[in-house]
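Asks: Structure supplied as target38.json; contents: JSON, C-alpha atoms and all ligand atoms.
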```
[["chain", "number", "residue", "atom", "x", "y", "z"],
["A", 1, "MET", "CA", 0.00, 0.00, 0.00],
["A", 2, "PRO", "CA", 1.40, 3.47, -0.88],
["A", 3, "PRO", "CA", 1.83, 5.95, 2.02],
["A", 4, "ILE", "CA", -1.18, 8.03, 3.02],
["A", 5, "GLU", "CA", -0.64, 11.69, 2.11],
["A", 6, "VAL", "CA", -2.11, 14.41, 4.34],
["A", 7, "PHE", "CA", -1.92, 18.16, 3.76],
["A", 8, "ALA", "CA", -0.84, 20.19, 6.81],
["A", 9, "PRO", "CA", -2.08, 23.75, 6.17],
["A", 10, "ALA", "CA", -0.66, 26.93, 7.67],
["A", 11, "LYS", "CA", -2.80, 28.14, 10.59],
["A", 12, "VAL", "CA", -3.46, 31.87, 10.81],
["A", 13, "ASN", "CA", -4.74, 33.58, 13.96],
["A", 14, "LEU", "CA", -6.74, 36.49, 12.49],
["A", 15, "THR", "CA", -7.31, 37.58, 16.10],
["A", 16, "LEU", "CA", -5.65, 36.47, 19.31],
["A", 17, "HIS", "CA", -6.97, 37.98, 22.54],
["A", 18, "VAL", "CA", -5.26, 36.95, 25.78],
["A", 19, "THR", "CA", -8.01, 37.13, 28.41],
["A", 20, "GLY", "CA", -6.49, 35.55, 31.51],
["A", 21, "LEU", "CA", -3.73, 33.55, 33.14],
["A", 22, "ARG", "CA", -4.31, 30.16, 34.76],
["A", 23, "ASP", "CA", -2.57, 28.99, 37.92],
["A", 24, "ASP", "CA", -0.49, 26.55, 35.84],
["A", 25, "GLY", "CA", 0.99, 29.44, 33.82],
["A", 26, "TYR", "CA", -1.05, 28.82, 30.63],
["A", 27, "HIS", "CA", -2.92, 31.79, 29.18],
["A", 28, "LEU", "CA", -6.62, 31.90, 28.35],
["A", 29, "LEU", "CA", -7.08, 32.70, 24.67],
["A", 30, "ASP", "CA", -9.90, 33.94, 22.49],
["A", 31, "SER", "CA", -8.90, 33.56, 18.86],
["A", 32, "TYR", "CA", -10.40, 33.43, 15.39],
["A", 33, "VAL", "CA", -8.39, 30.91, 13.35],
["A", 34, "MET", "CA", -8.42, 30.16, 9.62],
["A", 35, "PHE", "CA", -6.33, 27.80, 7.47],
["A", 36, "ALA", "CA", -4.39, 28.56, 4.29],
["A", 37, "ASP", "CA", -4.25, 26.58, 1.07],
["A", 38, "ILE", "CA", -0.46, 26.46, 1.48],
["A", 39, "GLY", "CA", 1.31, 24.20, 3.96],
["A", 40, "ASP", "CA", 3.48, 21.15, 4.58],
["A", 41, "ARG", "CA", 2.84, 17.65, 3.21],
["A", 42, "VAL", "CA", 2.97, 14.57, 5.42],
["A", 43, "PHE", "CA", 3.25, 10.96, 4.23],
["A", 44, "VAL", "CA", 2.45, 8.17, 6.69],
["A", 45, "GLU", "CA", 2.69, 4.38, 6.43],
["A", 46, "ALA", "CA", 2.70, 1.48, 8.87],
["A", 47, "ALA", "CA", 6.21, 0.29, 9.85],
["A", 48, "ASP", "CA", 7.95, -1.99, 12.37],
["A", 49, "GLU", "CA", 10.22, 0.83, 13.52],
["A", 50, "MET", "CA", 9.55, 4.56, 13.91],
["A", 51, "SER", "CA", 11.29, 6.71, 11.33],
["A", 52, "LEU", "CA", 11.05, 10.32, 10.18],
["A", 53, "THR", "CA", 12.50, 11.80, 7.02],
["A", 54, "VAL", "CA", 12.36, 15.57, 6.57],
["A", 55, "THR", "CA", 12.51, 16.91, 3.00],
["A", 56, "GLY", "CA", 11.38, 20.03, 1.14],
["A", 57, "PRO", "CA", 12.48, 23.66, 0.83],
["A", 58, "ARG", "CA", 12.27, 24.43, 4.60],
["A", 59, "ALA", "CA", 13.81, 21.15, 5.89],
["A", 60, "ALA", "CA", 17.05, 22.76, 7.14],
["A", 61, "GLY", "CA", 17.30, 22.65, 10.93],
["A", 62, "VAL", "CA", 14.09, 20.65, 11.44],
["A", 63, "PRO", "CA", 14.76, 17.67, 13.78],
["A", 64, "ASP", "CA", 14.12, 14.21, 12.31],
["A", 65, "ASP", "CA", 13.90, 12.36, 15.64],
["A", 66, "ALA", "CA", 11.75, 12.19, 18.80],
["A", 67, "ARG", "CA", 12.07, 15.98, 19.25],
["A", 68, "ASN", "CA", 9.83, 16.50, 16.21],
["A", 69, "LEU", "CA", 6.10, 16.92, 16.91],
["A", 70, "CYS", "CA", 5.36, 14.43, 14.10],
["A", 71, "TRP", "CA", 7.24, 11.74, 16.03],
["A", 72, "LYS", "CA", 5.53, 12.76, 19.29],
["A", 73, "ALA", "CA", 2.15, 12.55, 17.55],
["A", 74, "ALA", "CA", 2.81, 8.93, 16.48],
["A", 75, "GLU", "CA", 3.86, 8.04, 20.05],
["A", 76, "PHE", "CA", 0.74, 9.79, 21.37],
["A", 77, "TYR", "CA", -1.40, 7.75, 18.96],
["A", 78, "GLY", "CA", 0.42, 4.60, 20.07],
["A", 79, "ALA", "CA", 1.73, 3.25, 16.77],
["A", 80, "ARG", "CA", 4.99, 2.91, 14.88],
["A", 81, "ALA", "CA", 5.08, 4.58, 11.48],
["A", 82, "ALA", "CA", 7.40, 5.63, 8.70],
["A", 83, "ILE", "CA", 6.75, 9.36, 8.28],
["A", 84, "THR", "CA", 8.01, 11.71, 5.61],
["A", 85, "LEU", "CA", 7.56, 15.40, 6.32],
["A", 86, "GLU", "CA", 7.85, 17.72, 3.31],
["A", 87, "LYS", "CA", 8.50, 21.09, 4.94],
["A", 88, "HIS", "CA", 7.30, 24.27, 3.21],
["A", 89, "LEU", "CA", 6.37, 26.45, 6.21],
["A", 90, "PRO", "CA", 8.95, 28.29, 8.34],
["A", 91, "ALA", "CA", 9.46, 26.97, 11.91],
["A", 92, "ALA", "CA", 8.69, 28.87, 15.14],
["A", 93, "ALA", "CA", 6.74, 31.31, 12.99],
["A", 94, "GLY", "CA", 3.27, 31.67, 14.54],
["A", 95, "ILE", "CA", 1.49, 29.75, 11.78],
["A", 96, "GLY", "CA", 1.29, 26.40, 13.54],
["A", 97, "GLY", "CA", 3.74, 24.49, 11.36],
["A", 98, "GLY", "CA", 4.61, 21.85, 13.97],
["A", 99, "SER", "CA", 1.04, 21.60, 15.28],
["A", 100, "SER", "CA", -0.43, 21.23, 11.80],
["A", 101, "ASP", "CA", 2.17, 18.54, 10.99],
["A", 102, "ALA", "CA", 1.24, 16.67, 14.20],
["A", 103, "ALA", "CA", -2.48, 16.86, 13.34],
["A", 104, "ALA", "CA", -1.70, 15.55, 9.83],
["A", 105, "VAL", "CA", 0.24, 12.60, 11.28],
["A", 106, "LEU", "CA", -2.71, 11.72, 13.55],
["A", 107, "GLN", "CA", -5.11, 11.94, 10.60],
["A", 108, "GLY", "CA", -2.78, 9.77, 8.49],
["A", 109, "LEU", "CA", -2.50, 7.17, 11.27],
["A", 110, "GLU", "CA", -6.30, 7.12, 11.61],
["A", 111, "GLN", "CA", -6.47, 6.11, 7.95],
["A", 112, "VAL", "CA", -3.60, 3.61, 8.17],
["A", 113, "TYR", "CA", -4.83, 1.82, 11.31],
["A", 114, "GLY", "CA", -8.59, 2.52, 11.09],
["A", 115, "ARG", "CA", -8.82, 3.66, 14.70],
["A", 116, "PRO", "CA", -9.57, 7.24, 15.81],
["A", 117, "ALA", "CA", -6.91, 9.40, 17.48],
["A", 118, "PRO", "CA", -7.56, 10.35, 21.14],
["A", 119, "LEU", "CA", -10.15, 13.17, 21.20],
["A", 120, "ASP", "CA", -8.07, 15.34, 23.53],
["A", 121, "THR", "CA", -5.01, 16.30, 21.49],
["A", 122, "LEU", "CA", -4.12, 19.27, 23.75],
["A", 123, "PRO", "CA", -1.15, 17.40, 25.35],
["A", 124, "LEU", "CA", 0.62, 17.67, 21.95],
["A", 125, "GLY", "CA", 0.34, 21.49, 22.01],
["A", 126, "ALA", "CA", -2.26, 24.24, 22.37],
["A", 127, "ASP", "CA", -2.71, 24.59, 18.59],
["A", 128, "VAL", "CA", -3.17, 20.88, 17.83],
["A", 129, "PRO", "CA", -6.94, 20.71, 18.63],
["A", 130, "VAL", "CA", -7.75, 23.51, 16.18],
["A", 131, "CYS", "CA", -5.42, 21.95, 13.59],
["A", 132, "MET", "CA", -7.37, 18.68, 13.90],
["A", 133, "VAL", "CA", -10.47, 20.67, 12.87],
["A", 134, "GLY", "CA", -8.51, 22.33, 10.02],
["A", 135, "HIS", "CA", -11.31, 24.76, 9.28],
["A", 136, "ALA", "CA", -12.24, 28.32, 10.32],
["A", 137, "ALA", "CA", -12.93, 28.18, 14.04],
["A", 138, "HIS", "CA", -13.25, 30.09, 17.27],
["A", 139, "MET", "CA", -10.54, 28.82, 19.63],
["A", 140, "ALA", "CA", -10.87, 29.35, 23.40],
["A", 141, "GLY", "CA", -9.70, 28.04, 26.75],
["A", 142, "ILE", "CA", -5.96, 27.46, 26.44],
["A", 143, "GLY", "CA", -6.63, 26.00, 22.98],
["A", 144, "GLU", "CA", -8.76, 22.97, 23.83],
["A", 145, "ARG", "CA", -12.12, 24.61, 23.03],
["A", 146, "VAL", "CA", -12.70, 24.71, 19.27],
["A", 147, "LEU", "CA", -15.97, 25.83, 17.74],
["A", 148, "PRO", "CA", -16.04, 25.53, 13.91],
["A", 149, "LEU", "CA", -17.35, 28.69, 12.19],
["A", 150, "PHE", "CA", -19.18, 29.00, 8.90],
["A", 151, "THR", "CA", -17.27, 31.02, 6.29],
["A", 152, "GLU", "CA", -18.75, 31.94, 2.95],
["A", 153, "VAL", "CA", -15.82, 32.54, 0.62],
["A", 154, "PRO", "CA", -12.05, 32.07, 0.91],
["A", 155, "MET", "CA", -10.21, 35.20, 2.00],
["A", 156, "PRO", "CA", -7.29, 36.34, -0.20],
["A", 157, "CYS", "CA", -4.25, 36.70, 2.02],
["A", 158, "LEU", "CA", -0.52, 37.41, 1.90],
["A", 159, "LEU", "CA", 1.76, 35.75, 4.48],
["A", 160, "VAL", "CA", 5.17, 37.31, 5.17],
["A", 161, "ASN", "CA", 7.87, 36.12, 7.57],
["A", 162, "PRO", "CA", 10.83, 38.48, 8.04],
["A", 163, "GLY", "CA", 13.23, 35.58, 8.61],
["A", 164, "VAL", "CA", 13.38, 35.50, 12.41],
["A", 165, "GLU", "CA", 12.25, 32.77, 14.80],
["A", 166, "VAL", "CA", 10.26, 33.80, 17.87],
["A", 167, "SER", "CA", 10.01, 31.89, 21.17],
["A", 168, "THR", "CA", 6.32, 31.60, 22.17],
["A", 169, "PRO", "CA", 7.01, 31.41, 25.96],
["A", 170, "GLU", "CA", 9.20, 34.53, 25.73],
["A", 171, "VAL", "CA", 6.43, 36.50, 23.98],
["A", 172, "PHE", "CA", 3.79, 35.38, 26.50],
["A", 173, "GLY", "CA", 6.23, 36.30, 29.27],
["A", 174, "ARG", "CA", 6.55, 39.90, 28.03],
["A", 175, "LEU", "CA", 2.80, 40.47, 27.82],
["A", 176, "ALA", "CA", 2.00, 43.59, 29.86],
["A", 177, "ARG", "CA", -1.62, 42.63, 30.71],
["A", 178, "LYS", "CA", -3.02, 39.12, 31.00],
["A", 179, "ASP", "CA", -6.68, 40.15, 31.40],
["A", 180, "ASN", "CA", -7.51, 41.83, 28.09],
["A", 181, "PRO", "CA", -11.09, 42.12, 26.77],
["A", 182, "PRO", "CA", -12.38, 39.11, 24.78],
["A", 183, "MET", "CA", -13.41, 39.27, 21.11],
["A", 184, "GLU", "CA", -16.72, 40.88, 20.15],
["A", 185, "PRO", "CA", -19.25, 38.30, 18.86],
["A", 186, "TRP", "CA", -18.46, 36.99, 15.37],
["A", 187, "PRO", "CA", -20.64, 38.71, 12.67],
["A", 188, "GLU", "CA", -22.70, 35.71, 11.60],
["A", 189, "GLY", "CA", -23.68, 35.61, 7.91],
["A", 190, "GLY", "CA", -22.28, 39.02, 6.93],
["A", 191, "GLY", "CA", -19.75, 37.71, 4.36],
["A", 192, "ASN", "CA", -16.16, 38.88, 3.96],
["A", 193, "ALA", "CA", -17.04, 42.60, 4.13],
["A", 194, "ALA", "CA", -18.61, 42.28, 7.59],
["A", 195, "ALA", "CA", -15.79, 39.96, 8.67],
["A", 196, "LEU", "CA", -13.18, 42.56, 7.66],
["A", 197, "ASP", "CA", -14.96, 45.36, 9.57],
["A", 198, "TRP", "CA", -15.19, 43.09, 12.61],
["A", 199, "LEU", "CA", -11.55, 41.96, 12.32],
["A", 200, "ALA", "CA", -10.32, 45.57, 12.22],
["A", 201, "ARG", "CA", -11.86, 46.11, 15.70],
["A", 202, "GLN", "CA", -10.22, 42.97, 17.19],
["A", 203, "ARG", "CA", -6.54, 42.47, 18.14],
["A", 204, "ASN", "CA", -3.59, 40.19, 18.51],
["A", 205, "ASP", "CA", -2.46, 40.89, 22.08],
["A", 206, "LEU", "CA", 0.87, 39.13, 21.42],
["A", 207, "GLN", "CA", 1.80, 41.57, 18.65],
["A", 208, "ALA", "CA", 3.28, 44.29, 20.90],
["A", 209, "PRO", "CA", 5.40, 41.93, 23.06],
["A", 210, "ALA", "CA", 6.58, 40.07, 19.93],
["A", 211, "MET", "CA", 7.68, 43.39, 18.39],
["A", 212, "ASP", "CA", 9.71, 44.04, 21.56],
["A", 213, "VAL", "CA", 11.51, 40.72, 21.02],
["A", 214, "GLN", "CA", 11.90, 41.14, 17.23],
["A", 215, "PRO", "CA", 11.53, 44.78, 16.05],
["A", 216, "VAL", "CA", 11.59, 43.62, 12.40],
["A", 217, "ILE", "CA", 7.95, 42.51, 12.94],
["A", 218, "ALA", "CA", 6.93, 46.19, 13.02],
["A", 219, "GLU", "CA", 8.69, 46.62, 9.68],
["A", 220, "ALA", "CA", 6.85, 43.61, 8.19],
["A", 221, "LEU", "CA", 3.51, 45.05, 9.34],
["A", 222, "ALA", "CA", 4.33, 48.48, 7.86],
["A", 223, "VAL", "CA", 5.34, 46.90, 4.53],
["A", 224, "LEU", "CA", 2.07, 44.90, 4.40],
["A", 225, "ASP", "CA", -0.08, 47.85, 5.46],
["A", 226, "ALA", "CA", 1.30, 49.99, 2.62],
["A", 227, "LEU", "CA", 0.45, 47.47, -0.13],
["A", 228, "PRO", "CA", -2.27, 48.53, -2.61],
["A", 229, "GLY", "CA", -5.56, 46.86, -1.66],
["A", 230, "ALA", "CA", -4.41, 45.67, 1.79],
["A", 231, "ARG", "CA", -7.49, 45.81, 4.04],
["A", 232, "LEU", "CA", -5.85, 44.68, 7.28],
["A", 233, "ALA", "CA", -2.31, 43.80, 8.39],
["A", 234, "ARG", "CA", -1.66, 41.87, 11.61],
["A", 235, "MET", "CA", 0.67, 39.30, 13.17],
["A", 236, "SER", "CA", -0.35, 35.62, 13.53],
["A", 237, "GLY", "CA", 0.12, 33.64, 16.75],
["A", 238, "SER", "CA", 3.24, 34.70, 18.66],
["A", 239, "GLY", "CA", 4.91, 35.75, 15.36],
["A", 240, "ALA", "CA", 6.95, 36.52, 13.51],
["A", 241, "THR", "CA", 4.71, 35.74, 10.50],
["A", 242, "CYS", "CA", 2.38, 38.60, 9.60],
["A", 243, "PHE", "CA", -0.55, 38.58, 7.19],
["A", 244, "ALA", "CA", -2.47, 41.07, 5.07],
["A", 245, "LEU", "CA", -6.01, 40.48, 3.82],
["A", 246, "PHE", "CA", -7.20, 41.64, 0.40],
["A", 247, "ASP", "CA", -10.47, 41.78, -1.56],
["A", 248, "THR", "CA", -8.96, 39.87, -4.51],
["A", 249, "PHE", "CA", -6.32, 37.16, -4.91],
["A", 250, "GLN", "CA", -4.78, 39.23, -7.74],
["A", 251, "ASP", "CA", -4.07, 42.03, -5.20],
["A", 252, "ALA", "CA", -2.48, 39.47, -2.81],
["A", 253, "GLU", "CA", -0.28, 38.14, -5.66],
["A", 254, "ALA", "CA", 0.75, 41.66, -6.71],
["A", 255, "GLY", "CA", 1.59, 42.40, -3.06],
["A", 256, "ALA", "CA", 3.68, 39.22, -2.90],
["A", 257, "ARG", "CA", 5.71, 40.29, -5.96],
["A", 258, "ALA", "CA", 6.30, 43.75, -4.47],
["A", 259, "VAL", "CA", 7.43, 42.42, -1.06],
["A", 260, "ALA", "CA", 9.61, 39.67, -2.58],
["A", 261, "SER", "CA", 11.53, 42.17, -4.69],
["A", 262, "ALA", "CA", 11.85, 44.76, -1.90],
["A", 263, "ARG", "CA", 12.83, 42.19, 0.82],
["A", 264, "PRO", "CA", 14.51, 39.24, -0.97],
["A", 265, "GLY", "CA", 15.37, 37.44, 2.31],
["A", 266, "TRP", "CA", 11.78, 37.27, 3.56],
["A", 267, "TRP", "CA", 9.39, 34.30, 3.18],
["A", 268, "VAL", "CA", 6.46, 35.57, 1.10],
["A", 269, "GLU", "CA", 3.39, 33.47, 0.15],
["A", 270, "PRO", "CA", 0.06, 34.60, -1.30],
["A", 271, "CYS", "CA", -2.76, 32.21, -0.35],
["A", 272, "ARG", "CA", -6.45, 31.83, 0.34],
["A", 273, "LEU", "CA", -7.77, 31.39, 3.90],
["A", 274, "ARG", "CA", -10.70, 29.06, 4.54],
["B", 301, "LIG", "O1", 1.24, 24.43, 23.61],
["B", 301, "LIG", "P1", 2.45, 24.99, 22.95],
["B", 301, "LIG", "O2", 3.61, 24.06, 22.97],
["B", 301, "LIG", "O3", 2.17, 25.56, 21.61],
["B", 301, "LIG", "O4", 2.83, 26.24, 23.86],
["B", 301, "LIG", "C1", 4.11, 26.80, 23.87],
["B", 301, "LIG", "C2", 4.24, 27.71, 25.08],
["B", 301, "LIG", "O5", 3.39, 28.85, 24.92],
["B", 301, "LIG", "C3", 3.79, 27.10, 26.39],
["B", 301, "LIG", "O6", 4.83, 26.40, 27.00],
["B", 301, "LIG", "C4", 3.40, 28.33, 27.21],
["B", 301, "LIG", "O7", 4.56, 28.95, 27.72],
["B", 301, "LIG", "C5", 2.82, 29.25, 26.15],
["B", 301, "LIG", "N1", 1.35, 29.15, 26.07],
["B", 301, "LIG", "C6", 0.58, 29.78, 27.05],
["B", 301, "LIG", "N2", -0.78, 29.70, 26.98],
["B", 301, "LIG", "C7", -1.39, 29.02, 25.98],
["B", 301, "LIG", "C8", -0.62, 28.38, 24.98],
["B", 301, "LIG", "C9", 0.77, 28.47, 25.06],
["B", 301, "LIG", "O8", 1.12, 30.39, 27.96],
["B", 301, "LIG", "N3", -2.72, 28.97, 25.94]]
```
Show me, as structure tokens, the structure contained in the file I just sent.

Replies:
Amino acid sequence: MPPIEVFAPAKVNLTLHVTGLRDDGYHLLDSYVMFADIGDRVFVEAADEMSLTVTGPRAAGVPDDARNLCWKAAEFYGARAAITLEKHLPAAAGIGGGSSDAAAVLQGLEQVYGRPAPLDTLPLGADVPVCMVGHAAHMAGIGERVLPLFTEVPMPCLLVNPGVEVSTPEVFGRLARKDNPPMEPWPEGGGNAAALDWLARQRNDLQAPAMDVQPVIAEALAVLDALPGARLARMSGSGATCFALFDTFQDAEAGARAVASARPGWWVEPCRLR
């Protein structure tokens, strides 16, 4: 049997409100998450021994042993597998690369072994539950509460990473306030126009502390904000990847060409969010 192939999309936090701090040090989140049509590819097949091969344009520096979340996901599922991870997304970038890969491994193993993965995937990481859903969702709690949301049309988007890795615990640690206001209610049924108006009034509370850690994030946001047709520019997750939303995919592609020529070292990907 050929390996099962599973797509591991980039996760984008269009909003990320930090609304509290638990006694165990984890933060309460209120986030609107969507998934891109770009991402990593994971290949999974049954094997007598665990193995992980990392390939693809962003493979450099990615561990191919038990440190990798793909490997941990197979151990969590309780099966040995031969996994190939084709890496396209930057690491430690705020777009859930490792979490999406782990969710893809679990989904691949479900197909290989015909048995569902444990329902509570939070122990693998706060973003893994939403990545198991893989669809626009409201994420709450510390990441374990995922409510799928209806979206009408894909949102044209440009993802830009200014080439720096960001430590999530460090960004959370620099957060000035832990008890910020939650999101306003999601504008049900209003289409992309209402969603954009709503998004503009929401926040990513990790953006300011991430800019303290990596000032180049402010530059990435300014570059995105200045692009023709950009309706909103914001950081995803704990950074450093930032996104801009557009009315048309053509505008997102034109923006990608402009950023790629002005900042040749940056990772630049136009995509559609679903
Ligand atoms: O769960 P994950 O491995 O993605 O989290 C990385 C780190 O981010 C955690 O160790 C914690 O410091 C911080 N975090 C948090 N509150 C959350 C999620 C993550 O403080 N809800």

Asks: Considering only C-alpha atoms, state which residue in the set A:Pro185, A:Pro156, A:Leu124, A:Asp212 is at the smallest distance from A:Gly229.

Replies: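 The answer is A:Pro156, which sits nearest to A:Gly229.
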
Asks: Enumerate residues in contact with ligand LIG 301 (chain B): an atom-to-atom distance of at most 6 Å, counting all atoms listed in the file. Format the result as a list in words.

Replies: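 Listing the residues within 6 Å of ligand LIG 301 (chain B) gives Gly25, Tyr26, His27, Leu28, Leu29, Gly125, Ala126, Asp127, Ile142, Gly143, Thr168, Pro169 and Phe172 of chain A.
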
Asks: Which of these residues is nearest to A:Ala220, using all atoms listed in the file: A:Arg274, A:Lys87, A:Arg263, A:Arg203?

Replies: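 Between A:Arg274, A:Lys87, A:Arg263, A:Arg203, the residue approaching A:Ala220 most closely is A:Arg263.
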
Asks: Take every atom of stretch 218-232 of chain A listed in the file, pad by 3 Å on each side, and give me the axis-aligned box centre and edge lengths in Å, one decimal, as lines of an AutoDock Vina configuration file.

Replies:
```
center_x = 0.6
center_y = 46.8
center_z = 5.2
size_x = 22.2
size_y = 12.4
size_z = 21.6
```

Asks: Considering all atoms listed in the file, state which residue in the set A:Ser167, A:Gln202, A:Gln214, A:Gln207 is at the smallest distance from A:Thr15.

Replies: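 Looking only at the distances to A:Thr15, the closest residue turns out to be A:Gln202.
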
Asks: Compare A:Leu106, A:Ala240, A:Leu221, A:Leu158 by their minimum atom-to-atom distance to A:Ile38, counting only C-alpha atoms, and give me the closest one.

Replies: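 Closest candidate: A:Leu158.
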
Asks: Measuring between all atoms listed in the file, which one of A:Pro57, A:Val171, A:Gly134, A:Phe43 shows the shortest distance to A:Leu109?

Replies: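 Looking at the shortest contact to A:Leu109, the residue is A:Phe43.
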
Asks: What does the distance from atom CA of A:Trp266 to atom CA of A:Ala210 come to in Å, to one decimal?

Replies: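 Value for the atom CA of A:Trp266-atom CA of A:Ala210 distance: 17.4 Å.
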
Asks: Figure out the distance between atom CA of A:Leu16 and atom CA of A:Pro215, please, to one decimal in Å.

Replies: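 Computing it gives 19.4 Å between the two atoms.
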
Asks: Looking at all atoms listed in the file, which of A:Val166, A:Ala254, A:Leu224, A:Met211 is the one that sits closest to A:Ala93?

Replies: A:Val166

Asks: Provide the atom CA of A:Tyr77 to atom CA of A:Met1 distance in Å, to one decimal place.

Replies: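 Calculated distance between atom CA of A:Tyr77 and atom CA of A:Met1 is 20.5 Å.
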
Asks: For A:Ala222, find every residue with an atom within 12 Å (counting all atoms listed in the file), except residues of its own chain fewer than 3 positions away, and show them as a JSON list (two decimals) with C-alpha atoms, in the frame of the given file.

Replies:
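Done, and the output landed in selection_27.json:
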```
[["chain", "number", "residue", "atom", "x", "y", "z"],
["A", 160, "VAL", "CA", 5.17, 37.31, 5.17],
["A", 162, "PRO", "CA", 10.83, 38.48, 8.04],
["A", 215, "PRO", "CA", 11.53, 44.78, 16.05],
["A", 216, "VAL", "CA", 11.59, 43.62, 12.40],
["A", 217, "ILE", "CA", 7.95, 42.51, 12.94],
["A", 218, "ALA", "CA", 6.93, 46.19, 13.02],
["A", 219, "GLU", "CA", 8.69, 46.62, 9.68],
["A", 225, "ASP", "CA", -0.08, 47.85, 5.46],
["A", 226, "ALA", "CA", 1.30, 49.99, 2.62],
["A", 227, "LEU", "CA", 0.45, 47.47, -0.13],
["A", 230, "ALA", "CA", -4.41, 45.67, 1.79],
["A", 232, "LEU", "CA", -5.85, 44.68, 7.28],
["A", 233, "ALA", "CA", -2.31, 43.80, 8.39],
["A", 234, "ARG", "CA", -1.66, 41.87, 11.61],
["A", 235, "MET", "CA", 0.67, 39.30, 13.17],
["A", 242, "CYS", "CA", 2.38, 38.60, 9.60],
["A", 243, "PHE", "CA", -0.55, 38.58, 7.19],
["A", 244, "ALA", "CA", -2.47, 41.07, 5.07],
["A", 259, "VAL", "CA", 7.43, 42.42, -1.06]]
```

Asks: What's the 9 Å shell around A:Val18, counting all atoms listed in the file, without same-chain residues fewer than 5 positions away, as number ranges by chain?

Replies: A: 27-31, 177-182, 204-206

Asks: From (-12.6, 27.5, 13.8), in the file's coordinates, out to 8 Å: which residues are reached, counting all atoms listed in the file? Answer as a list in words.

Replies: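 Residues close enough to count: Tyr32, Val33, Met34, Val130, Val133, Gly134, His135, Ala136, Ala137, His138, Met139, Val146, Leu147, Pro148 and Leu149 of chain A.
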
Asks: Residues within 9 Å of A:Gly97, please, as a PyMOL selection string. Count all atoms listed in the file; anything in the same chain fewer than 4 positions from it doesn't count.

Replies: chain A and resi 8-11+39-40+87-93+101-102

Asks: Include C-alpha atoms and write out the residues we just selected as a CSV table (one decimal), in the coordinates of the input.

Replies:
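The resulting part-v4.csv:
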```csv
chain,number,residue,atom,x,y,z
A,8,ALA,CA,-0.8,20.2,6.8
A,9,PRO,CA,-2.1,23.8,6.2
A,10,ALA,CA,-0.7,26.9,7.7
A,11,LYS,CA,-2.8,28.1,10.6
A,39,GLY,CA,1.3,24.2,4.0
A,40,ASP,CA,3.5,21.2,4.6
A,87,LYS,CA,8.5,21.1,4.9
A,88,HIS,CA,7.3,24.3,3.2
A,89,LEU,CA,6.4,26.4,6.2
A,90,PRO,CA,9.0,28.3,8.3
A,91,ALA,CA,9.5,27.0,11.9
A,92,ALA,CA,8.7,28.9,15.1
A,93,ALA,CA,6.7,31.3,13.0
A,101,ASP,CA,2.2,18.5,11.0
A,102,ALA,CA,1.2,16.7,14.2
```
